[in-house]
Amino acid sequence: MSKLAGRSYIVTGAGSGIGAATVARLIEDGANVVAVDLDADAAQKTLDDLGVDKGRAIAVGVDVSDESKVDEMTAQGVATFGGLDGVVNCAGVRGVGNILDTEHGVWDLNMDVNIEGSFNTSQAFCRYAREHNRPGSIVNISSQAGVEAVPNRLAYVTSKHGVVGLTRGVAIEMAQHGIRCNGIAPGMIATAMTAGMRADPENLEKIRKAHPIGREGQPEEIAAVISFLRSDDASYVTGIMMPVDGGITAGAASF
Ligand code: NAD
């Protein structure tokens, strides 16, 4: 039997990159999915491309920073699938700028989507799960930039460090109720978010050299770890921030 058969999960950022790959993997694992994205058409396209049976997945257009819309979307997921077993928070934005020039709009957007968005979905899920005395699990996507600083991404670095705190805090508060909360800190993954950085061949070569494994990662390689953290194989795992980064946070690849 598929390892997540009969379970239902919300996946945010489902219209692109890691979120879209996660939808594909969870469907393959047998789960039902609420595919959420700011861009409703992109979320629907993810499902159409997979040819998912309509009874197994729905696409919903939601801004994860909007608390009331997240609550509505969570209720819609519960009503559609008869219950929910967790959330994967992949929706994210990445602002550019340092301490001298970061615009406040960029700062606010990074905090609103990356931290508050994950907080909103986690709170809606935990409230629902406690009310119905159900176990569950949450997976948050932080970043290499959430466990160490990278230059000229101050708002992103700060927000992704916040996701580490959110993950640990929720984990220790909810462990006694059977709700696990874990995070993943990816290195460079080939998605739309990083297309600009990878477009210049010289820059791409530098990126590859910086990762000891010698290449950028694919969204499916993050989705595979999400699938593990979701599953009962990870039943004793909570509060971790797992690097899935080709070794970049283990140490310098070369002198
Ligand atoms: P992506 O840009 O391909 O996808 C992000 C998705 O989030 C998009 O579909 C976008 O529409 C959606 N989104 C943005 N704001 C939203 C909002 N307010 N409400 C709902 N949806 C919203 O990016 P990705 O590379 O797949 O990134 C997924 C997550 O992984 C992000 O949190 C990102 O910070 C993180 N991450 C990515 C990398 C990488 O190298 N790609 C590395 C580390 C961490």
# chains A, B, ... in the order shown; residues from 1 in each chain; ligands from 1
$ residues_near_ligand --ligand "ligand 1" --cutoff "8 Å" --atoms "only C-alpha atoms and all ligand atoms" --output "PDB file with N, CA and C atoms, in the first residue's frame"
ATOM      1  N   THR A  12       1.435  24.505   0.110  1.00  0.00           N
ATOM      2  CA  THR A  12       1.429  25.887  -0.394  1.00  0.00           C
ATOM      3  C   THR A  12       2.588  26.080  -1.378  1.00  0.00           C
ATOM      4  N   GLY A  13       2.444  27.095  -2.225  1.00  0.00           N
ATOM      5  CA  GLY A  13       3.451  27.308  -3.271  1.00  0.00           C
ATOM      6  C   GLY A  13       3.360  26.226  -4.328  1.00  0.00           C
ATOM      7  N   ALA A  14       2.161  25.652  -4.474  1.00  0.00           N
ATOM      8  CA  ALA A  14       1.963  24.459  -5.316  1.00  0.00           C
ATOM      9  C   ALA A  14       2.047  24.749  -6.811  1.00  0.00           C
ATOM     10  N   GLY A  15       2.122  26.023  -7.184  1.00  0.00           N
ATOM     11  CA  GLY A  15       2.110  26.367  -8.598  1.00  0.00           C
ATOM     12  C   GLY A  15       3.470  26.320  -9.263  1.00  0.00           C
ATOM     13  N   SER A  16       4.538  26.067  -8.491  1.00  0.00           N
ATOM     14  CA  SER A  16       5.873  26.161  -9.087  1.00  0.00           C
ATOM     15  C   SER A  16       6.892  25.385  -8.256  1.00  0.00           C
ATOM     16  N   GLY A  17       7.994  25.059  -8.871  1.00  0.00           N
ATOM     17  CA  GLY A  17       9.201  24.592  -8.180  1.00  0.00           C
ATOM     18  C   GLY A  17       9.000  23.486  -7.151  1.00  0.00           C
ATOM     19  N   ILE A  18       9.461  23.750  -5.932  1.00  0.00           N
ATOM     20  CA  ILE A  18       9.459  22.732  -4.867  1.00  0.00           C
ATOM     21  C   ILE A  18       8.025  22.349  -4.496  1.00  0.00           C
ATOM     22  N   GLY A  19       7.128  23.351  -4.457  1.00  0.00           N
ATOM     23  CA  GLY A  19       5.729  23.056  -4.108  1.00  0.00           C
ATOM     24  C   GLY A  19       5.081  22.150  -5.143  1.00  0.00           C
ATOM     25  N   ALA A  20       5.306  22.434  -6.431  1.00  0.00           N
ATOM     26  CA  ALA A  20       4.719  21.604  -7.496  1.00  0.00           C
ATOM     27  C   ALA A  20       5.278  20.181  -7.439  1.00  0.00           C
ATOM     28  N   VAL A  36      -2.236  24.842  -3.012  1.00  0.00           N
ATOM     29  CA  VAL A  36      -2.499  26.264  -2.742  1.00  0.00           C
ATOM     30  C   VAL A  36      -1.421  27.138  -3.356  1.00  0.00           C
ATOM     31  N   ASP A  37      -1.841  28.209  -4.012  1.00  0.00           N
ATOM     32  CA  ASP A  37      -0.861  29.169  -4.516  1.00  0.00           C
ATOM     33  C   ASP A  37      -1.554  30.525  -4.657  1.00  0.00           C
ATOM     34  N   LEU A  38      -0.760  31.579  -4.566  1.00  0.00           N
ATOM     35  CA  LEU A  38      -1.256  32.920  -4.851  1.00  0.00           C
ATOM     36  C   LEU A  38      -1.826  32.939  -6.259  1.00  0.00           C
ATOM     37  N   ASP A  39      -1.170  32.222  -7.146  1.00  0.00           N
ATOM     38  CA  ASP A  39      -1.575  32.110  -8.543  1.00  0.00           C
ATOM     39  C   ASP A  39      -2.421  30.827  -8.697  1.00  0.00           C
ATOM     40  N   ALA A  42      -1.808  28.653 -11.738  1.00  0.00           N
ATOM     41  CA  ALA A  42      -0.569  27.857 -11.685  1.00  0.00           C
ATOM     42  C   ALA A  42      -0.795  26.602 -10.839  1.00  0.00           C
ATOM     43  N   ALA A  43      -1.527  26.741  -9.734  1.00  0.00           N
ATOM     44  CA  ALA A  43      -1.811  25.564  -8.893  1.00  0.00           C
ATOM     45  C   ALA A  43      -2.649  24.553  -9.679  1.00  0.00           C
ATOM     46  N   GLY A  61      -6.664  29.255  -4.898  1.00  0.00           N
ATOM     47  CA  GLY A  61      -5.866  30.478  -4.964  1.00  0.00           C
ATOM     48  C   GLY A  61      -5.966  31.233  -3.649  1.00  0.00           C
ATOM     49  N   VAL A  62      -4.857  31.294  -2.924  1.00  0.00           N
ATOM     50  CA  VAL A  62      -4.852  31.973  -1.612  1.00  0.00           C
ATOM     51  C   VAL A  62      -3.516  32.671  -1.415  1.00  0.00           C
ATOM     52  N   ASP A  63      -3.569  33.870  -0.844  1.00  0.00           N
ATOM     53  CA  ASP A  63      -2.362  34.537  -0.361  1.00  0.00           C
ATOM     54  C   ASP A  63      -2.142  34.035   1.065  1.00  0.00           C
ATOM     55  N   VAL A  64      -1.058  33.303   1.288  1.00  0.00           N
ATOM     56  CA  VAL A  64      -0.858  32.677   2.609  1.00  0.00           C
ATOM     57  C   VAL A  64      -0.665  33.705   3.725  1.00  0.00           C
ATOM     58  N   SER A  65      -0.374  34.951   3.360  1.00  0.00           N
ATOM     59  CA  SER A  65      -0.219  35.969   4.411  1.00  0.00           C
ATOM     60  C   SER A  65      -1.572  36.510   4.877  1.00  0.00           C
ATOM     61  N   ASP A  66      -2.654  36.076   4.234  1.00  0.00           N
ATOM     62  CA  ASP A  66      -4.003  36.536   4.599  1.00  0.00           C
ATOM     63  C   ASP A  66      -4.643  35.484   5.528  1.00  0.00           C
ATOM     64  N   ASN A  89       4.669  23.852   3.882  1.00  0.00           N
ATOM     65  CA  ASN A  89       4.764  25.273   3.555  1.00  0.00           C
ATOM     66  C   ASN A  89       5.901  25.548   2.584  1.00  0.00           C
ATOM     67  N   CYS A  90       5.561  25.590   1.291  1.00  0.00           N
ATOM     68  CA  CYS A  90       6.574  25.866   0.251  1.00  0.00           C
ATOM     69  C   CYS A  90       6.429  27.276  -0.332  1.00  0.00           C
ATOM     70  N   ALA A  91       5.304  27.959  -0.074  1.00  0.00           N
ATOM     71  CA  ALA A  91       5.142  29.312  -0.641  1.00  0.00           C
ATOM     72  C   ALA A  91       6.258  30.197  -0.100  1.00  0.00           C
ATOM     73  N   GLY A  92       6.893  30.932  -0.981  1.00  0.00           N
ATOM     74  CA  GLY A  92       7.979  31.788  -0.515  1.00  0.00           C
ATOM     75  C   GLY A  92       8.355  32.841  -1.531  1.00  0.00           C
ATOM     76  N   VAL A  93       8.997  33.893  -1.034  1.00  0.00           N
ATOM     77  CA  VAL A  93       9.545  34.943  -1.895  1.00  0.00           C
ATOM     78  C   VAL A  93      10.976  35.209  -1.422  1.00  0.00           C
ATOM     79  N   ARG A  94      11.788  35.764  -2.326  1.00  0.00           N
ATOM     80  CA  ARG A  94      13.172  36.043  -1.948  1.00  0.00           C
ATOM     81  C   ARG A  94      13.553  37.460  -2.335  1.00  0.00           C
ATOM     82  N   ASP A 112       5.989  38.741   5.623  1.00  0.00           N
ATOM     83  CA  ASP A 112       4.566  38.378   5.485  1.00  0.00           C
ATOM     84  C   ASP A 112       4.393  36.996   4.857  1.00  0.00           C
ATOM     85  N   VAL A 113       5.146  36.723   3.806  1.00  0.00           N
ATOM     86  CA  VAL A 113       4.953  35.442   3.104  1.00  0.00           C
ATOM     87  C   VAL A 113       5.749  34.333   3.801  1.00  0.00           C
ATOM     88  N   ASN A 114       7.039  34.571   4.036  1.00  0.00           N
ATOM     89  CA  ASN A 114       7.901  33.476   4.497  1.00  0.00           C
ATOM     90  C   ASN A 114       7.638  33.091   5.956  1.00  0.00           C
ATOM     91  N   GLY A 117       3.103  33.633   6.600  1.00  0.00           N
ATOM     92  CA  GLY A 117       2.373  32.644   5.810  1.00  0.00           C
ATOM     93  C   GLY A 117       2.474  31.254   6.440  1.00  0.00           C
ATOM     94  N   ILE A 141       9.601  24.940   4.720  1.00  0.00           N
ATOM     95  CA  ILE A 141      10.817  25.074   3.907  1.00  0.00           C
ATOM     96  C   ILE A 141      11.527  26.364   4.316  1.00  0.00           C
ATOM     97  N   SER A 142      12.647  26.193   4.983  1.00  0.00           N
ATOM     98  CA  SER A 142      13.510  27.326   5.292  1.00  0.00           C
ATOM     99  C   SER A 142      14.507  27.447   4.144  1.00  0.00           C
ATOM    100  N   SER A 143      15.803  27.436   4.448  1.00  0.00           N
ATOM    101  CA  SER A 143      16.816  27.628   3.401  1.00  0.00           C
ATOM    102  C   SER A 143      18.200  27.475   4.019  1.00  0.00           C
ATOM    103  N   GLN A 144      19.190  27.276   3.161  1.00  0.00           N
ATOM    104  CA  GLN A 144      20.575  27.442   3.619  1.00  0.00           C
ATOM    105  C   GLN A 144      20.682  28.801   4.305  1.00  0.00           C
ATOM    106  N   ALA A 145      19.982  29.799   3.726  1.00  0.00           N
ATOM    107  CA  ALA A 145      20.011  31.170   4.266  1.00  0.00           C
ATOM    108  C   ALA A 145      19.240  31.294   5.574  1.00  0.00           C
ATOM    109  N   TYR A 156      15.438  38.108   3.321  1.00  0.00           N
ATOM    110  CA  TYR A 156      15.254  36.663   3.123  1.00  0.00           C
ATOM    111  C   TYR A 156      15.946  35.878   4.242  1.00  0.00           C
ATOM    112  N   LYS A 160      13.989  33.561   6.856  1.00  0.00           N
ATOM    113  CA  LYS A 160      14.232  32.112   6.863  1.00  0.00           C
ATOM    114  C   LYS A 160      14.793  31.641   8.203  1.00  0.00           C
ATOM    115  N   ALA A 185      16.166  22.755   4.975  1.00  0.00           N
ATOM    116  CA  ALA A 185      16.958  23.915   4.566  1.00  0.00           C
ATOM    117  C   ALA A 185      17.657  23.566   3.250  1.00  0.00           C
ATOM    118  N   PRO A 186      17.013  23.865   2.115  1.00  0.00           N
ATOM    119  CA  PRO A 186      17.620  23.497   0.823  1.00  0.00           C
ATOM    120  C   PRO A 186      18.805  24.388   0.464  1.00  0.00           C
ATOM    121  N   GLY A 187      19.729  23.814  -0.299  1.00  0.00           N
ATOM    122  CA  GLY A 187      20.754  24.625  -0.959  1.00  0.00           C
ATOM    123  C   GLY A 187      20.157  25.172  -2.248  1.00  0.00           C
ATOM    124  N   MET A 188      20.999  25.329  -3.268  1.00  0.00           N
ATOM    125  CA  MET A 188      20.510  25.884  -4.541  1.00  0.00           C
ATOM    126  C   MET A 188      19.697  24.846  -5.315  1.00  0.00           C
ATOM    127  N   ILE A 189      18.425  25.168  -5.542  1.00  0.00           N
ATOM    128  CA  ILE A 189      17.538  24.243  -6.248  1.00  0.00           C
ATOM    129  C   ILE A 189      17.098  24.886  -7.563  1.00  0.00           C
ATOM    130  N   ALA A 190      17.045  24.088  -8.614  1.00  0.00           N
ATOM    131  CA  ALA A 190      16.708  24.601  -9.953  1.00  0.00           C
ATOM    132  C   ALA A 190      15.206  24.857 -10.056  1.00  0.00           C
ATOM    133  N   THR A 191      14.792  26.068  -9.718  1.00  0.00           N
ATOM    134  CA  THR A 191      13.382  26.477  -9.825  1.00  0.00           C
ATOM    135  C   THR A 191      13.333  27.895 -10.399  1.00  0.00           C
ATOM    136  N   ALA A 192      12.100  28.389 -10.585  1.00  0.00           N
ATOM    137  CA  ALA A 192      11.938  29.756 -11.108  1.00  0.00           C
ATOM    138  C   ALA A 192      12.604  30.776 -10.193  1.00  0.00           C
ATOM    139  N   MET A 193      12.565  30.520  -8.872  1.00  0.00           N
ATOM    140  CA  MET A 193      13.137  31.488  -7.922  1.00  0.00           C
ATOM    141  C   MET A 193      14.617  31.748  -8.168  1.00  0.00           C
ATOM    142  N   THR A 194      15.335  30.747  -8.653  1.00  0.00           N
ATOM    143  CA  THR A 194      16.789  30.882  -8.807  1.00  0.00           C
ATOM    144  C   THR A 194      17.217  30.955 -10.277  1.00  0.00           C
ATOM    145  N   GLY A 217      20.550  21.349  -6.865  1.00  0.00           N
ATOM    146  CA  GLY A 217      19.586  20.267  -6.635  1.00  0.00           C
ATOM    147  C   GLY A 217      18.349  20.429  -7.503  1.00  0.00           C
ATOM    148  N   PRO A 219      14.013  20.066  -7.655  1.00  0.00           N
ATOM    149  CA  PRO A 219      12.892  20.145  -6.714  1.00  0.00           C
ATOM    150  C   PRO A 219      12.429  18.770  -6.218  1.00  0.00           C
TER     151      PRO A 219
END
$ residues_around --residues "Ile138 (chain A)" --least-positions-apart "3" --cutoff "12 Å" --atoms "only C-alpha atoms" --output "PyMOL selection string"
chain A and resi 9-12+84-90+118-119+121-126+129+135+141+166-168+170-171+174-175+178-184+226-227+229-231+237-240
$ closest_residue --among "A:Lys209, A:Arg127, A:Leu26, A:Trp107" --to "Leu47 (chain A)" --atoms "only C-alpha atoms"
A:Leu26
$ closest_residue --among "A:Gly251, A:Gly196, A:Gly165, A:Gly83" --to "Ile213 (chain A)" --atoms "only C-alpha atoms"
A:Gly251
$ residues_around --residues "Ala31 (chain A)" --least-positions-apart "5" --cutoff "10 Å" --atoms "only C-alpha atoms" --output "MDAnalysis selection string"
chainID A and resid 2:9 23:26 56:57 85
$ atom_distance --atom1 "CA of Asp200 (chain A)" --atom2 "CA of Leu154 (chain A)"
22.7 Å
